[in-house]
Amino acid sequence: MIYIPMFYPVWVGEGKGRLRKTDDTGCGRGWSLHIVAQREPSFRKNFSKRFIHVWIKGSPRTMLRCTIPALLAALISISSCSARSDCIVDNFQVKENFNQTRYAGKWYAFAKKDPEGLFLEKDIHADFKIENRTMIAKATGLVSLLPDWIVCAEMMGTFNNTANSAKFKLKYWGAAEYLQKGIDDHWIIDTDYDNYAITYTCRKLYENRTCADSYSFVFSRRPEGLTTESQRIVRKWQEHLCLAFKYKRVPQTGSCP
Ligand code: RTL
């Protein structure tokens, strides 16, 4: 079956697919057509019908006019399909045979997609260790608790193992009483252990199993950032998570030791 790609606005997960201006994510800046993964079935049906009608009844010229762009679009679609997903959270891929020992050590946030509400803002770094076969981490980052109360929040986390080696239940709390605490899913989507990692958390699901409130970190082993090659890989995963163009760069100014 030939798959005919279609680009048009429709609700997907946490945002609408449409032509929009993007932030500087370290992953490209500018106007982008957000290619959505979920497509409205009635539109797809009508489009296919019209396409078949032109194919069978049209003149050779009309057929050519219709077929060449469709084939070109199909080719483009096939070549960029691998990272896409249906935005259903349970279907997101995670790192295969995730190795906690190789993941341990220091990571610097390079980019992040924020959840709803208060969150770590900048100078975010985390140190991962393994204790009793359980990954633990201490994260630090700047948070504005009030307009004139900005702190370097020290956050602790215990990553409880699950049946999937890359999916954890993260229990987190602040070193100070007034900081947030909670339990989040924490998925390692991809990492090469030495350069980059991309993590994903969905806090709230819509009825259709896409995510209503998520956060995601792109981590780098170096505070200076990621190589172009790592950024290319990460960008593919951001698309897979249906979060393309939703990330902001995380400045590393050294203000939180
Ligand atoms: C991340 C991985 C490393 C360990 C921990 C993490 C989560 C931290 C969170 C912090 C939220 C802080 C807030 C403070 C304001 O009260 C995922 C970085 C613990 C969720 C909102």
# chains A, B, ... in the order shown; residues from 1 in each chain; ligands from 1
>>> select_by_dssp(residues="segment 74-167 of chain A", states="helix (DSSP H, G or I)", output="PDB file with C-alpha atoms, in the first residue's frame")
ATOM      1  CA  ALA A  74       5.471   9.436  -0.535  1.00  0.00           C
ATOM      2  CA  LEU A  75       9.221   9.182  -1.027  1.00  0.00           C
ATOM      3  CA  ILE A  76       9.894  12.067   1.366  1.00  0.00           C
ATOM      4  CA  SER A  77       7.524  10.499   3.850  1.00  0.00           C
ATOM      5  CA  ILE A  78       9.152   7.060   3.659  1.00  0.00           C
ATOM      6  CA  SER A  79      12.614   8.539   4.173  1.00  0.00           C
ATOM      7  CA  VAL A  89       2.493   7.128  25.118  1.00  0.00           C
ATOM      8  CA  ASP A  90       2.565   3.333  25.567  1.00  0.00           C
ATOM      9  CA  ASN A  91       3.922   3.012  22.039  1.00  0.00           C
ATOM     10  CA  GLN A 100      22.574   1.874  34.548  1.00  0.00           C
ATOM     11  CA  THR A 101      26.313   1.552  35.172  1.00  0.00           C
ATOM     12  CA  ARG A 102      27.182   3.176  31.873  1.00  0.00           C
ATOM     13  CA  TYR A 103      24.576   5.904  32.492  1.00  0.00           C
TER      14      TYR A 103
END
>>> residues_near_ligand(ligand="ligand 1", cutoff="8 Å", atoms="only C-alpha atoms and all ligand atoms", output="ChimeraX atom specification")
/A:117-120,124-128,136-140,143-145,153,155-158,170-174,178-182,184,186,199,217
>>> residues_around(residues="Met135 of chain A", least_positions_apart="3", cutoff="6 Å", atoms="only C-alpha atoms", output="JSON, numbers by chain")
{"A": [129, 130, 159]}
>>> write_last_selection(atoms="C-alpha atoms", output="PDB file, in the first residue's frame")
ATOM      1  CA  LYS A 129      24.872   6.735  41.104  1.00  0.00           C
ATOM      2  CA  ILE A 130      23.832   3.169  41.708  1.00  0.00           C
ATOM      3  CA  PHE A 159      14.672   5.522  40.316  1.00  0.00           C
TER       4      PHE A 159
END
>>> closest_residue(among="A:Ala109, A:Val94, A:Cys242, A:Leu226", to="Ile188 of chain A", atoms="only C-alpha atoms")
A:Val94
>>> residues_around(residues="Val250 of chain A", least_positions_apart="3", cutoff="8 Å", atoms="only C-alpha atoms", output="PyMOL selection string")
chain A and resi 109-112+121-124
>>> write_last_selection(atoms="N, CA and C atoms", output="CSV table (one decimal), in the first residue's frame")
chain,number,residue,atom,x,y,z
A,109,ALA,N,21.8,19.4,31.6
A,109,ALA,CA,20.7,19.6,30.7
A,109,ALA,C,21.1,20.5,29.6
A,110,PHE,N,20.7,20.1,28.4
A,110,PHE,CA,21.0,20.9,27.2
A,110,PHE,C,19.8,21.5,26.6
A,111,ALA,N,18.7,20.8,26.7
A,111,ALA,CA,17.4,21.4,26.3
A,111,ALA,C,16.3,20.7,27.2
A,112,LYS,N,15.1,21.3,27.3
A,112,LYS,CA,14.1,20.7,28.1
A,112,LYS,C,12.7,21.1,27.5
A,121,GLU,N,14.6,25.6,35.9
A,121,GLU,CA,14.7,26.6,34.8
A,121,GLU,C,16.0,26.5,34.0
A,122,LYS,N,17.1,26.7,34.7
A,122,LYS,CA,18.4,26.7,34.1
A,122,LYS,C,19.5,26.2,34.9
A,123,ASP,N,20.7,26.1,34.4
A,123,ASP,CA,21.9,25.6,35.2
A,123,ASP,C,21.5,24.2,35.8
A,124,ILE,N,20.8,23.4,35.0
A,124,ILE,CA,20.4,22.1,35.5
A,124,ILE,C,21.5,21.0,35.2
>>> closest_residue(among="A:Thr191, A:Ala166, A:Thr228, A:Leu243", to="Cys211 of chain A", atoms="only C-alpha atoms")
A:Leu243
>>> closest_residue(among="A:Glu239, A:Glu154, A:Lys246, A:Cys256", to="Glu177 of chain A", atoms="only C-alpha atoms")
A:Glu154
